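Structure data (PDB, C-alpha atoms) from query39.pdb:
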ATOM      1  CA  MET R   1     -29.987  54.285 -67.697
ATOM      2  CA  TYR R   2     -31.495  51.656 -65.400
ATOM      3  CA  TYR R   3     -34.778  49.789 -65.789
ATOM      4  CA  ILE R   4     -36.153  48.676 -62.430
ATOM      5  CA  ASN R   5     -38.898  46.067 -62.487
ATOM      6  CA  GLU R   6     -41.671  45.363 -59.987
ATOM      7  CA  GLU R   7     -39.816  42.573 -58.225
ATOM      8  CA  GLU R   8     -36.764  44.780 -57.713
ATOM      9  CA  VAL R   9     -39.001  47.464 -56.222
ATOM     10  CA  ARG R  10     -40.672  44.955 -53.915
ATOM     11  CA  SER R  11     -37.321  43.575 -52.754
ATOM     12  CA  ASN R  12     -35.730  46.977 -52.152
ATOM     13  CA  LEU R  13     -38.446  49.083 -50.527
ATOM     14  CA  THR R  14     -39.839  48.775 -47.005
ATOM     15  CA  MET R  15     -42.652  50.810 -45.528
ATOM     16  CA  LYS R  16     -40.183  52.561 -43.226
ATOM     17  CA  ASP R  17     -38.074  53.469 -46.281
ATOM     18  CA  THR R  18     -41.141  54.868 -47.996
ATOM     19  CA  ILE R  19     -42.328  56.927 -45.030
ATOM     20  CA  ASP R  20     -38.809  58.343 -44.648
ATOM     21  CA  ALA R  21     -38.762  59.253 -48.362
ATOM     22  CA  ILE R  22     -42.175  60.950 -48.071
ATOM     23  CA  ARG R  23     -41.126  62.856 -44.958
ATOM     24  CA  GLU R  24     -37.940  64.080 -46.618
ATOM     25  CA  ALA R  25     -39.778  65.057 -49.797
ATOM     26  CA  PHE R  26     -42.405  67.150 -48.016
ATOM     27  CA  GLU R  27     -39.856  68.849 -45.794
ATOM     28  CA  GLU R  28     -37.926  69.789 -48.941
ATOM     29  CA  TYR R  29     -41.193  70.914 -50.536
ATOM     30  CA  ARG R  30     -41.910  73.125 -47.534
ATOM     31  CA  ALA R  31     -38.426  74.668 -47.852
ATOM     32  CA  GLY R  32     -39.013  75.499 -51.525
ATOM     33  CA  ARG R  33     -36.511  72.961 -52.815
ATOM     34  CA  ALA R  34     -39.036  70.612 -54.415
ATOM     35  CA  SER R  35     -42.050  71.007 -56.681
ATOM     36  CA  SER R  36     -45.070  69.020 -57.776
ATOM     37  CA  ASN R  37     -47.527  69.929 -60.522
ATOM     38  CA  THR R  38     -51.124  68.821 -60.869
ATOM     39  CA  ARG R  39     -52.024  65.581 -62.615
ATOM     40  CA  VAL R  40     -52.781  65.843 -66.352
ATOM     41  CA  ARG R  41     -55.186  63.345 -67.905
ATOM     42  CA  THR R  42     -55.288  62.516 -71.624
ATOM     43  CA  PHE R  43     -58.192  60.413 -72.924
ATOM     44  CA  SER R  44     -58.098  58.108 -75.956
ATOM     45  CA  GLU R  45     -60.060  55.032 -77.037
ATOM     46  CA  GLY R  46     -61.265  54.149 -73.569
ATOM     47  CA  SER R  47     -57.874  54.636 -71.913
ATOM     48  CA  VAL R  48     -56.605  57.496 -69.769
ATOM     49  CA  LEU R  49     -52.952  58.555 -69.745
ATOM     50  CA  ASN R  50     -52.053  60.241 -66.446
ATOM     51  CA  THR R  51     -48.869  62.276 -65.965
ATOM     52  CA  MET R  52     -47.669  63.652 -62.617
ATOM     53  CA  PRO R  53     -44.468  65.762 -62.865
ATOM     54  CA  ALA R  54     -42.247  66.816 -59.967
ATOM     55  CA  SER R  55     -38.713  67.773 -58.996
ATOM     56  CA  MET R  56     -36.444  67.539 -55.948
ATOM     57  CA  GLU R  57     -33.277  69.620 -55.840
ATOM     58  CA  LYS R  58     -31.627  67.684 -53.013
ATOM     59  CA  TYR R  59     -31.034  64.706 -55.289
ATOM     60  CA  HIS R  60     -30.964  66.648 -58.562
ATOM     61  CA  ILE R  61     -33.945  64.765 -59.918
ATOM     62  CA  LEU R  62     -36.729  65.719 -62.296
ATOM     63  CA  GLY R  63     -39.343  63.215 -63.288
ATOM     64  CA  HIS R  64     -42.891  62.053 -63.299
ATOM     65  CA  LYS R  65     -45.139  59.110 -62.734
ATOM     66  CA  THR R  66     -46.967  58.127 -65.891
ATOM     67  CA  TYR R  67     -49.699  55.553 -66.081
ATOM     68  CA  SER R  68     -52.277  54.401 -68.562
ATOM     69  CA  ALA R  69     -55.542  53.087 -67.136
ATOM     70  CA  SER R  70     -58.660  51.510 -68.623
ATOM     71  CA  ARG R  71     -61.204  48.849 -67.802
ATOM     72  CA  ASN R  72     -58.498  46.336 -68.688
ATOM     73  CA  GLY R  73     -56.221  47.514 -65.870
ATOM     74  CA  ALA R  74     -53.344  49.958 -65.530
ATOM     75  CA  ARG R  75     -49.590  50.174 -66.116
ATOM     76  CA  PHE R  76     -47.449  52.486 -63.975
ATOM     77  CA  VAL R  77     -43.882  53.775 -64.428
ATOM     78  CA  VAL R  78     -41.787  56.524 -62.871
ATOM     79  CA  THR R  79     -39.114  58.225 -64.961
ATOM     80  CA  LEU R  80     -36.194  60.022 -63.319
ATOM     81  CA  PHE R  81     -33.889  62.538 -65.024
ATOM     82  CA  ASP R  82     -30.740  64.197 -63.702
ATOM     83  CA  SER R  83     -31.543  67.925 -63.525
ATOM     84  CA  ARG R  84     -27.857  68.855 -63.905
ATOM     85  CA  ASN R  85     -27.287  67.265 -67.309
ATOM     86  CA  ASN R  86     -30.721  65.984 -68.468
ATOM     87  CA  ASP R  87     -29.564  62.368 -68.466
ATOM     88  CA  LEU R  88     -32.294  59.761 -68.074
ATOM     89  CA  ILE R  89     -31.364  58.032 -64.817
ATOM     90  CA  ALA R  90     -33.993  55.328 -64.590
ATOM     91  CA  ILE R  91     -37.413  54.006 -65.494
ATOM     92  CA  VAL R  92     -39.023  52.342 -62.497
ATOM     93  CA  GLU R  93     -42.095  50.128 -62.674
ATOM     94  CA  ALA R  94     -44.487  51.611 -60.153
ATOM     95  CA  ASN R  95     -47.473  49.461 -59.254
ATOM     96  CA  ARG R  96     -45.938  48.283 -55.965
ATOM     97  CA  LEU R  97     -44.226  51.651 -55.550
ATOM     98  CA  GLY R  98     -47.569  53.464 -55.827
ATOM     99  CA  GLN R  99     -49.198  51.126 -53.345
ATOM    100  CA  MET R 100     -46.393  51.761 -50.854
ATOM    101  CA  ARG R 101     -46.354  55.530 -51.155
ATOM    102  CA  THR R 102     -50.166  55.714 -50.855
ATOM    103  CA  GLY R 103     -49.968  53.993 -47.483
ATOM    104  CA  ALA R 104     -46.898  55.958 -46.473
ATOM    105  CA  VAL R 105     -48.340  59.422 -47.083
ATOM    106  CA  THR R 106     -51.415  58.855 -44.895
ATOM    107  CA  ALA R 107     -49.165  57.373 -42.222
ATOM    108  CA  TYR R 108     -46.894  60.415 -42.433
ATOM    109  CA  ALA R 109     -49.800  62.855 -42.174
ATOM    110  CA  THR R 110     -51.201  60.914 -39.226
ATOM    111  CA  SER R 111     -47.833  60.968 -37.449
ATOM    112  CA  ILE R 112     -47.998  64.771 -37.459
ATOM    113  CA  LEU R 113     -51.701  65.391 -36.902
ATOM    114  CA  HIS R 114     -52.656  62.487 -34.631
ATOM    115  CA  PRO R 115     -49.610  60.476 -33.539
ATOM    116  CA  HIS R 116     -51.281  58.486 -30.759
ATOM    117  CA  VAL R 117     -53.589  56.094 -32.575
ATOM    118  CA  GLU R 118     -55.685  53.878 -30.326
ATOM    119  CA  ASN R 119     -58.715  52.635 -32.257
ATOM    120  CA  PHE R 120     -57.989  52.433 -35.967
ATOM    121  CA  THR R 121     -60.527  51.680 -38.692
ATOM    122  CA  ILE R 122     -59.854  50.915 -42.355
ATOM    123  CA  ILE R 123     -62.679  51.521 -44.796
ATOM    124  CA  GLY R 124     -61.984  49.354 -47.843
ATOM    125  CA  SER R 125     -60.295  45.973 -48.146
ATOM    126  CA  GLY R 126     -58.574  45.955 -51.530
ATOM    127  CA  PHE R 127     -54.974  46.115 -52.750
ATOM    128  CA  GLN R 128     -54.383  49.665 -51.487
ATOM    129  CA  ALA R 129     -55.908  48.944 -48.059
ATOM    130  CA  GLU R 130     -52.999  46.607 -47.284
ATOM    131  CA  THR R 131     -50.480  49.443 -47.116
ATOM    132  CA  GLN R 132     -52.909  51.761 -45.326
ATOM    133  CA  LEU R 133     -52.691  49.221 -42.535
ATOM    134  CA  GLU R 134     -48.946  48.679 -42.868
ATOM    135  CA  GLY R 135     -48.232  52.403 -42.817
ATOM    136  CA  MET R 136     -50.328  52.962 -39.715
ATOM    137  CA  ILE R 137     -48.771  50.157 -37.694
ATOM    138  CA  THR R 138     -45.328  51.418 -38.756
ATOM    139  CA  VAL R 139     -45.863  54.890 -37.260
ATOM    140  CA  SER R 140     -48.147  53.911 -34.394
ATOM    141  CA  HIS R 141     -49.381  50.938 -32.365
ATOM    142  CA  PRO R 142     -53.196  50.858 -32.423
ATOM    143  CA  GLN R 143     -54.845  49.029 -29.553
ATOM    144  CA  SER R 144     -57.645  47.874 -31.834
ATOM    145  CA  ILE R 145     -58.033  47.604 -35.607
ATOM    146  CA  ARG R 146     -61.285  47.177 -37.533
ATOM    147  CA  VAL R 147     -61.951  46.811 -41.239
ATOM    148  CA  TYR R 148     -65.182  47.523 -43.083
ATOM    149  CA  SER R 149     -65.998  46.757 -46.706
ATOM    150  CA  ARG R 150     -69.257  46.829 -48.627
ATOM    151  CA  ASN R 151     -68.623  43.118 -49.124
ATOM    152  CA  TYR R 152     -68.336  41.548 -45.679
ATOM    153  CA  ASP R 153     -66.597  38.451 -47.048
ATOM    154  CA  HIS R 154     -63.870  40.699 -48.437
ATOM    155  CA  ALA R 155     -63.471  42.331 -45.016
ATOM    156  CA  LYS R 156     -63.188  38.917 -43.343
ATOM    157  CA  ASP R 157     -60.596  37.759 -45.851
ATOM    158  CA  PHE R 158     -58.582  40.968 -45.411
ATOM    159  CA  ALA R 159     -58.700  40.670 -41.623
ATOM    160  CA  SER R 160     -57.529  37.067 -41.733
ATOM    161  CA  ARG R 161     -54.674  37.647 -44.195
ATOM    162  CA  MET R 162     -53.382  40.859 -42.662
ATOM    163  CA  SER R 163     -53.626  39.576 -39.084
ATOM    164  CA  LYS R 164     -51.302  36.724 -40.048
ATOM    165  CA  GLN R 165     -48.965  38.918 -42.093
ATOM    166  CA  PHE R 166     -48.451  41.632 -39.488
ATOM    167  CA  GLY R 167     -49.133  39.753 -36.258
ATOM    168  CA  VAL R 168     -51.978  42.014 -35.160
ATOM    169  CA  ASP R 169     -55.613  41.371 -34.346
ATOM    170  CA  ILE R 170     -58.004  42.810 -36.958
ATOM    171  CA  ARG R 171     -61.772  42.606 -36.557
ATOM    172  CA  PRO R 172     -64.048  42.720 -39.598
ATOM    173  CA  VAL R 173     -67.336  44.576 -39.154
ATOM    174  CA  ASP R 174     -70.411  44.514 -41.373
ATOM    175  CA  ASN R 175     -71.612  48.117 -41.269
ATOM    176  CA  ALA R 176     -70.175  51.633 -41.318
ATOM    177  CA  GLU R 177     -71.608  52.634 -37.946
ATOM    178  CA  ALA R 178     -69.891  49.743 -36.195
ATOM    179  CA  ALA R 179     -66.665  50.546 -38.058
ATOM    180  CA  LEU R 180     -66.607  54.231 -37.122
ATOM    181  CA  SER R 181     -68.032  54.181 -33.615
ATOM    182  CA  ASP R 182     -65.254  54.958 -31.085
ATOM    183  CA  ALA R 183     -62.604  55.085 -33.825
ATOM    184  CA  ASP R 184     -60.142  57.901 -33.206
ATOM    185  CA  THR R 185     -58.360  57.304 -36.541
ATOM    186  CA  VAL R 186     -59.954  56.287 -39.843
ATOM    187  CA  SER R 187     -58.353  55.631 -43.230
ATOM    188  CA  SER R 188     -60.699  55.311 -46.186
ATOM    189  CA  ILE R 189     -59.487  53.781 -49.447
ATOM    190  CA  THR R 190     -62.551  53.144 -51.614
ATOM    191  CA  ASN R 191     -63.999  54.131 -54.968
ATOM    192  CA  SER R 192     -67.318  55.117 -53.424
ATOM    193  CA  THR R 193     -69.485  57.719 -55.151
ATOM    194  CA  SER R 194     -71.461  58.476 -51.988
ATOM    195  CA  PRO R 195     -70.206  59.203 -48.467
ATOM    196  CA  VAL R 196     -69.206  56.229 -46.347
ATOM    197  CA  ILE R 197     -67.931  58.309 -43.433
ATOM    198  CA  LEU R 198     -70.838  60.112 -41.776
ATOM    199  CA  ARG R 199     -70.356  62.674 -39.026
ATOM    200  CA  LYS R 200     -73.005  61.123 -36.783
ATOM    201  CA  TYR R 201     -70.968  57.920 -36.554
ATOM    202  CA  LEU R 202     -67.796  59.701 -35.405
ATOM    203  CA  GLY R 203     -67.087  60.852 -31.876
ATOM    204  CA  ASP R 204     -65.932  64.218 -30.560
ATOM    205  CA  GLU R 205     -62.329  63.464 -31.490
ATOM    206  CA  TYR R 206     -61.168  61.976 -34.771
ATOM    207  CA  HIS R 207     -58.506  61.981 -37.446
ATOM    208  CA  VAL R 208     -59.724  60.918 -40.888
ATOM    209  CA  ASN R 209     -57.558  60.058 -43.898
ATOM    210  CA  LEU R 210     -59.417  60.159 -47.221
ATOM    211  CA  ALA R 211     -57.222  58.312 -49.702
ATOM    212  CA  GLY R 212     -59.467  56.517 -52.168
ATOM    213  CA  SER R 213     -60.611  59.096 -54.683
ATOM    214  CA  ASN R 214     -59.033  61.465 -57.184
ATOM    215  CA  TYR R 215     -62.148  62.055 -59.286
ATOM    216  CA  MET R 216     -64.812  64.671 -58.602
ATOM    217  CA  ASN R 217     -67.644  62.166 -59.004
ATOM    218  CA  ARG R 218     -66.421  60.137 -56.010
ATOM    219  CA  ARG R 219     -66.785  60.944 -52.335
ATOM    220  CA  GLU R 220     -65.826  59.129 -49.145
ATOM    221  CA  ALA R 221     -66.849  61.603 -46.410
ATOM    222  CA  GLU R 222     -69.811  63.901 -46.044
ATOM    223  CA  TYR R 223     -69.311  67.654 -45.771
ATOM    224  CA  GLU R 224     -69.940  67.768 -42.008
ATOM    225  CA  VAL R 225     -66.848  65.641 -41.326
ATOM    226  CA  LEU R 226     -64.679  68.399 -42.812
ATOM    227  CA  HIS R 227     -66.822  71.281 -41.552
ATOM    228  CA  ASP R 228     -66.491  70.117 -37.936
ATOM    229  CA  ALA R 229     -62.736  69.577 -38.186
ATOM    230  CA  ASP R 230     -60.284  71.928 -36.502
ATOM    231  CA  LEU R 231     -57.868  71.475 -39.402
ATOM    232  CA  VAL R 232     -58.247  70.110 -42.932
ATOM    233  CA  VAL R 233     -55.069  69.223 -44.827
ATOM    234  CA  THR R 234     -54.631  68.319 -48.482
ATOM    235  CA  GLU R 235     -51.553  67.156 -50.385
ATOM    236  CA  HIS R 236     -51.870  69.789 -53.093
ATOM    237  CA  TYR R 237     -54.450  72.582 -53.100
ATOM    238  CA  ASP R 238     -54.711  73.101 -56.869
ATOM    239  CA  GLN R 239     -55.003  69.395 -57.531
ATOM    240  CA  SER R 240     -57.651  68.947 -54.852
ATOM    241  CA  MET R 241     -59.781  71.656 -56.447
ATOM    242  CA  VAL R 242     -60.123  69.562 -59.595
ATOM    243  CA  GLU R 243     -59.953  66.063 -58.111
ATOM    244  CA  SER R 244     -61.561  66.118 -54.663
ATOM    245  CA  ALA R 245     -65.295  66.559 -54.149
ATOM    246  CA  GLU R 246     -64.717  66.886 -50.400
ATOM    247  CA  ILE R 247     -62.084  69.619 -50.571
ATOM    248  CA  SER R 248     -63.720  71.613 -53.362
ATOM    249  CA  GLU R 249     -67.040  71.647 -51.488
ATOM    250  CA  TYR R 250     -65.287  72.565 -48.244
ATOM    251  CA  VAL R 251     -63.644  75.547 -49.983
ATOM    252  CA  LYS R 252     -66.907  76.527 -51.686
ATOM    253  CA  PHE R 253     -68.535  77.013 -48.295
ATOM    254  CA  GLY R 254     -65.647  79.009 -46.846
ATOM    255  CA  GLY R 255     -63.265  76.329 -45.616
ATOM    256  CA  LYS R 256     -59.537  76.977 -45.785
ATOM    257  CA  PRO R 257     -57.502  73.785 -46.088
ATOM    258  CA  VAL R 258     -53.727  73.850 -45.723
ATOM    259  CA  GLU R 259     -51.289  71.829 -47.794
ATOM    260  CA  LEU R 260     -49.347  68.935 -46.310
ATOM    261  CA  ARG R 261     -46.077  70.716 -47.014
ATOM    262  CA  GLU R 262     -47.181  73.538 -44.670
ATOM    263  CA  ILE R 263     -47.254  71.171 -41.691
ATOM    264  CA  ALA R 264     -44.302  68.991 -42.769
ATOM    265  CA  GLY R 265     -41.932  68.283 -39.909
ATOM    266  CA  ARG R 266     -44.048  70.163 -37.360
ATOM    267  CA  TYR R 267     -44.372  67.290 -34.904
ATOM    268  CA  GLY R 268     -46.156  68.059 -31.656
ATOM    269  CA  GLU R 269     -47.698  71.335 -32.834
ATOM    270  CA  PHE R 270     -51.181  69.935 -33.409
ATOM    271  CA  SER R 271     -51.709  67.910 -30.243
ATOM    272  CA  GLY R 272     -54.390  70.327 -29.059
ATOM    273  CA  LEU R 273     -56.615  69.733 -32.077
ATOM    274  CA  ARG R 274     -59.555  67.399 -31.508
ATOM    275  CA  ARG R 275     -60.643  66.764 -35.098
ATOM    276  CA  THR R 276     -58.467  66.663 -38.211
ATOM    277  CA  VAL R 277     -58.874  65.493 -41.819
ATOM    278  CA  PHE R 278     -56.246  64.685 -44.425
ATOM    279  CA  LYS R 279     -57.150  64.316 -48.096
ATOM    280  CA  SER R 280     -54.717  62.308 -50.239
ATOM    281  CA  MET R 281     -54.911  62.076 -54.029
ATOM    282  CA  GLY R 282     -51.324  61.185 -54.854
ATOM    283  CA  ILE R 283     -48.807  63.650 -56.299
ATOM    284  CA  GLY R 284     -45.737  63.138 -58.441
ATOM    285  CA  LEU R 285     -43.300  64.287 -55.768
ATOM    286  CA  GLU R 286     -44.153  61.240 -53.678
ATOM    287  CA  ASP R 287     -43.445  58.956 -56.605
ATOM    288  CA  ILE R 288     -40.101  60.383 -57.663
ATOM    289  CA  ALA R 289     -38.881  60.522 -54.047
ATOM    290  CA  THR R 290     -39.871  56.895 -53.483
ATOM    291  CA  ALA R 291     -38.377  55.775 -56.786
ATOM    292  CA  TYR R 292     -35.116  57.474 -55.883
ATOM    293  CA  ARG R 293     -35.119  55.657 -52.532
ATOM    294  CA  VAL R 294     -35.354  52.364 -54.428
ATOM    295  CA  LEU R 295     -32.319  53.338 -56.514
ATOM    296  CA  ARG R 296     -30.396  54.218 -53.336
ATOM    297  CA  ASN R 297     -31.312  50.891 -51.749
ATOM    298  CA  LEU R 298     -30.083  49.150 -54.914
ATOM    299  CA  GLY R 299     -26.807  51.046 -54.610
ATOM    300  CA  ILE R 300     -27.116  52.806 -57.946
ATOM    301  CA  ALA R 301     -27.903  56.357 -56.779
TER     302      ALA R 301
END

The structure given in the file should be rewritten as structure tokens.
Amino acid sequence: MYYINEEEVRSNLTMKDTIDAIREAFEEYRAGRASSNTRVRTFSEGSVLNTMPASMEKYHILGHKTYSASRNGARFVVTLFDSRNNDLIAIVEANRLGQMRTGAVTAYATSILHPHVENFTIIGSGFQAETQLEGMITVSHPQSIRVYSRNYDHAKDFASRMSKQFGVDIRPVDNAEAALSDADTVSSITNSTSPVILRKYLGDEYHVNLAGSNYMNRREAEYEVLHDADLVVTEHYDQSMVESAEISEYVKFGGKPVELREIAGRYGEFSGLRRTVFKSMGIGLEDIATAYRVLRNLGIA
């Protein structure tokens, strides 16, 4: 059994690796050779234990991401078992891993639904926003990039740091209208409880990634953004019905979202769609697939 720490993950996982792992996992999921169950939350003394089980037959792995979160922070690990003999293969620390796969899954969805990104906007400027940017510039080459945060100083700091890190020009903006106007692709990664993305600020064509919330009391986009979309995609229907205010409301009023696995690998089939939305909450399949890629890169799988 191997124990893989955060530094080993960081040193052995690129964004391209992660996107490739996500792509492979969802194509296997579509083929019926992978599974992912809904998140289970257990509450105790101000902490929440989250478990996210999944399996992937191609690599004979069963496992889950488990994390405990409270006001004092969070601790993340992924456990991997061999499905052929029940051996515990590895425990992988998963803070960096989770950050990478969160950026990778929105990048993967965008590469299918809206591959030609021109004007890209990031809503949010925290830890997770970094890989939303990295994922997007890995799968596409935006002509312009803007970042908006409720705290303009945070947006300026993010723009400065990420411009230097990735060699791209990022412009901070101080209001949502300026951020969304003329943006054809938007990734939101916030903990907002009220909509940040309003339909009136978006144009006739848009792709929106909603990646910041997995609680029903949070919301990043108003209903009209989904209602006006030609296609709404979610990672996992059952999970979105208990974790996503946007998707559950969309379904309540007759909307019919499809799961990401249903469009996996179908490049070029959605080029005629003018408006698309992808809702990401994070599922265990992404974590075990990414953890296994780390083991492969370390030469131990």

key: Chain and number of each residue from the PyMOL selection byres ((chain R and resi 236) around 8), as a list of chain:residue names   = R:Thr38, R:Thr234, R:Glu235, R:Tyr237, R:Asp238, R:Gln239, R:Ser240, R:Glu259, R:Leu260, R:Ile283

inquiry  = One decimal, in Å: what's the spacing between CA of Leu295 in chain R and CA of Gly212 in chain R?
reply    =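 So the answer is 27.7 Å.
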
task = Give me the result of the PyMOL selection byres ((chain R and resi 138) around 12) on this file, residue by residue, as a PyMOL selection string.
result = chain R and resi 14-20+103-108+110-111+115+117+131-137+139-142+166

Long-range neighbours of Thr190 in chain R as an NGL selection string, 10 Å cut-off, only C-alpha atoms, 3 positions minimum in chain = :R and (122-126 or 128-129 or 149-150 or 187 or 193 or 196 or 210-213 or 218-220)

request  = Please identify all polymer residues within 10 Å of range 42-46 of chain R, counting only C-alpha atoms, omitting same-chain residues fewer than 4 positions from it, and present them as a list of chain:residue names.
outcome  =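 Listing them by chain and then by number gives R:Asn50, R:Thr51, R:Ser68, R:Ala69, R:Ser70, R:Arg71, R:Asn72.
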
ask   = So, counting all atoms listed in the file, which residue among R:His207, R:Lys252, R:Arg296, R:Lys156 is closest to Ala109 in chain R?
value = R:His207

Counting all atoms listed in the file, the option among R:Lys279, R:Arg274, R:Lys200, R:Arg171 closest to Asp230 in chain R = R:Arg274

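CA of Ala183 in chain R is positioned 15.4 Å from CA of Asp169 in chain R.
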
Using all atoms of range 135-145 of chain R listed in the file and a margin of 4 Å per side, can you give the axis-aligned box centre and edge lengths in Å to one decimal, as AutoDock Vina command-line options?
--center_x -51.7 --center_y 51.2 --center_z -36.2 --size_x 20.7 --size_y 15.3 --size_z 21.3

task = Using CA of Met1 in chain R and CA of Leu88 in chain R as the two end points, give the distance in Å to one decimal.
result = 6.0 Å

query = Closest to Met162 in chain R among R:Ile91, R:Ala178, R:Ile145, R:Val208, using all atoms listed in the file?
reply =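 Closest to Met162 in chain R of all the choices is R:Ile145.
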
request  = Please provide the set of residues having any atom within 12 Å of Glu28 in chain R, restricted to all atoms listed in the file, with same-chain residues fewer than 3 positions apart removed, written as a PyMOL selection string.
outcome  = chain R and resi 21-25+31-36+55-59+260-265+285-286+289

note = Of R:Tyr2, R:Tyr250, R:Tyr206, R:Tyr67, the one nearest to Arg39 in chain R when counting all atoms listed in the file is R:Tyr67

Incomplete range 12-18 of chain R filled out to all heavy atoms as a CSV table (one decimal), in the coordinates of the input:
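Now in part.csv:
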chain,number,residue,atom,x,y,z
R,12,ASN,N,-36.6,45.9,-52.6
R,12,ASN,CA,-35.7,47.0,-52.2
R,12,ASN,C,-36.5,48.2,-51.6
R,12,ASN,O,-36.0,49.3,-51.6
R,12,ASN,CB,-34.8,47.4,-53.3
R,12,ASN,CG,-33.8,46.3,-53.7
R,12,ASN,OD1,-32.8,46.2,-53.1
R,12,ASN,ND2,-34.1,45.5,-54.7
R,13,LEU,N,-37.7,48.0,-51.1
R,13,LEU,CA,-38.4,49.1,-50.5
R,13,LEU,C,-39.3,48.6,-49.4
R,13,LEU,O,-40.2,47.8,-49.6
R,13,LEU,CB,-39.3,49.7,-51.6
R,13,LEU,CG,-40.1,51.0,-51.2
R,13,LEU,CD1,-39.2,52.1,-50.9
R,13,LEU,CD2,-41.1,51.3,-52.3
R,14,THR,N,-39.0,49.1,-48.2
R,14,THR,CA,-39.8,48.8,-47.0
R,14,THR,C,-40.8,49.9,-46.7
R,14,THR,O,-40.6,51.0,-47.3
R,14,THR,CB,-39.0,48.5,-45.8
R,14,THR,OG1,-38.3,49.8,-45.4
R,14,THR,CG2,-37.9,47.5,-46.0
R,15,MET,N,-41.8,49.7,-45.9
R,15,MET,CA,-42.7,50.8,-45.5
R,15,MET,C,-41.9,51.9,-44.8
R,15,MET,O,-42.1,53.1,-45.0
R,15,MET,CB,-43.8,50.3,-44.7
R,15,MET,CG,-44.8,51.4,-44.3
R,15,MET,SD,-45.5,52.4,-45.6
R,15,MET,CE,-46.6,51.2,-46.4
R,16,LYS,N,-41.0,51.5,-43.9
R,16,LYS,CA,-40.2,52.6,-43.2
R,16,LYS,C,-39.4,53.4,-44.2
R,16,LYS,O,-39.3,54.6,-44.1
R,16,LYS,CB,-39.2,51.9,-42.2
R,16,LYS,CG,-38.5,53.0,-41.4
R,16,LYS,CD,-37.5,52.3,-40.4
R,16,LYS,CE,-36.8,53.4,-39.6
R,16,LYS,NZ,-36.1,54.4,-40.4
R,17,ASP,N,-38.8,52.7,-45.2
R,17,ASP,CA,-38.1,53.5,-46.3
R,17,ASP,C,-39.0,54.5,-46.9
R,17,ASP,O,-38.6,55.6,-47.2
R,17,ASP,CB,-37.6,52.5,-47.4
R,17,ASP,CG,-36.5,51.6,-47.0
R,17,ASP,OD1,-35.7,52.0,-46.1
R,17,ASP,OD2,-36.4,50.5,-47.6
R,18,THR,N,-40.2,54.0,-47.2
R,18,THR,CA,-41.1,54.9,-48.0
R,18,THR,C,-41.6,56.1,-47.2
R,18,THR,O,-41.7,57.2,-47.7
R,18,THR,CB,-42.3,54.0,-48.5
R,18,THR,OG1,-41.9,52.8,-49.0
R,18,THR,CG2,-43.1,54.8,-49.5
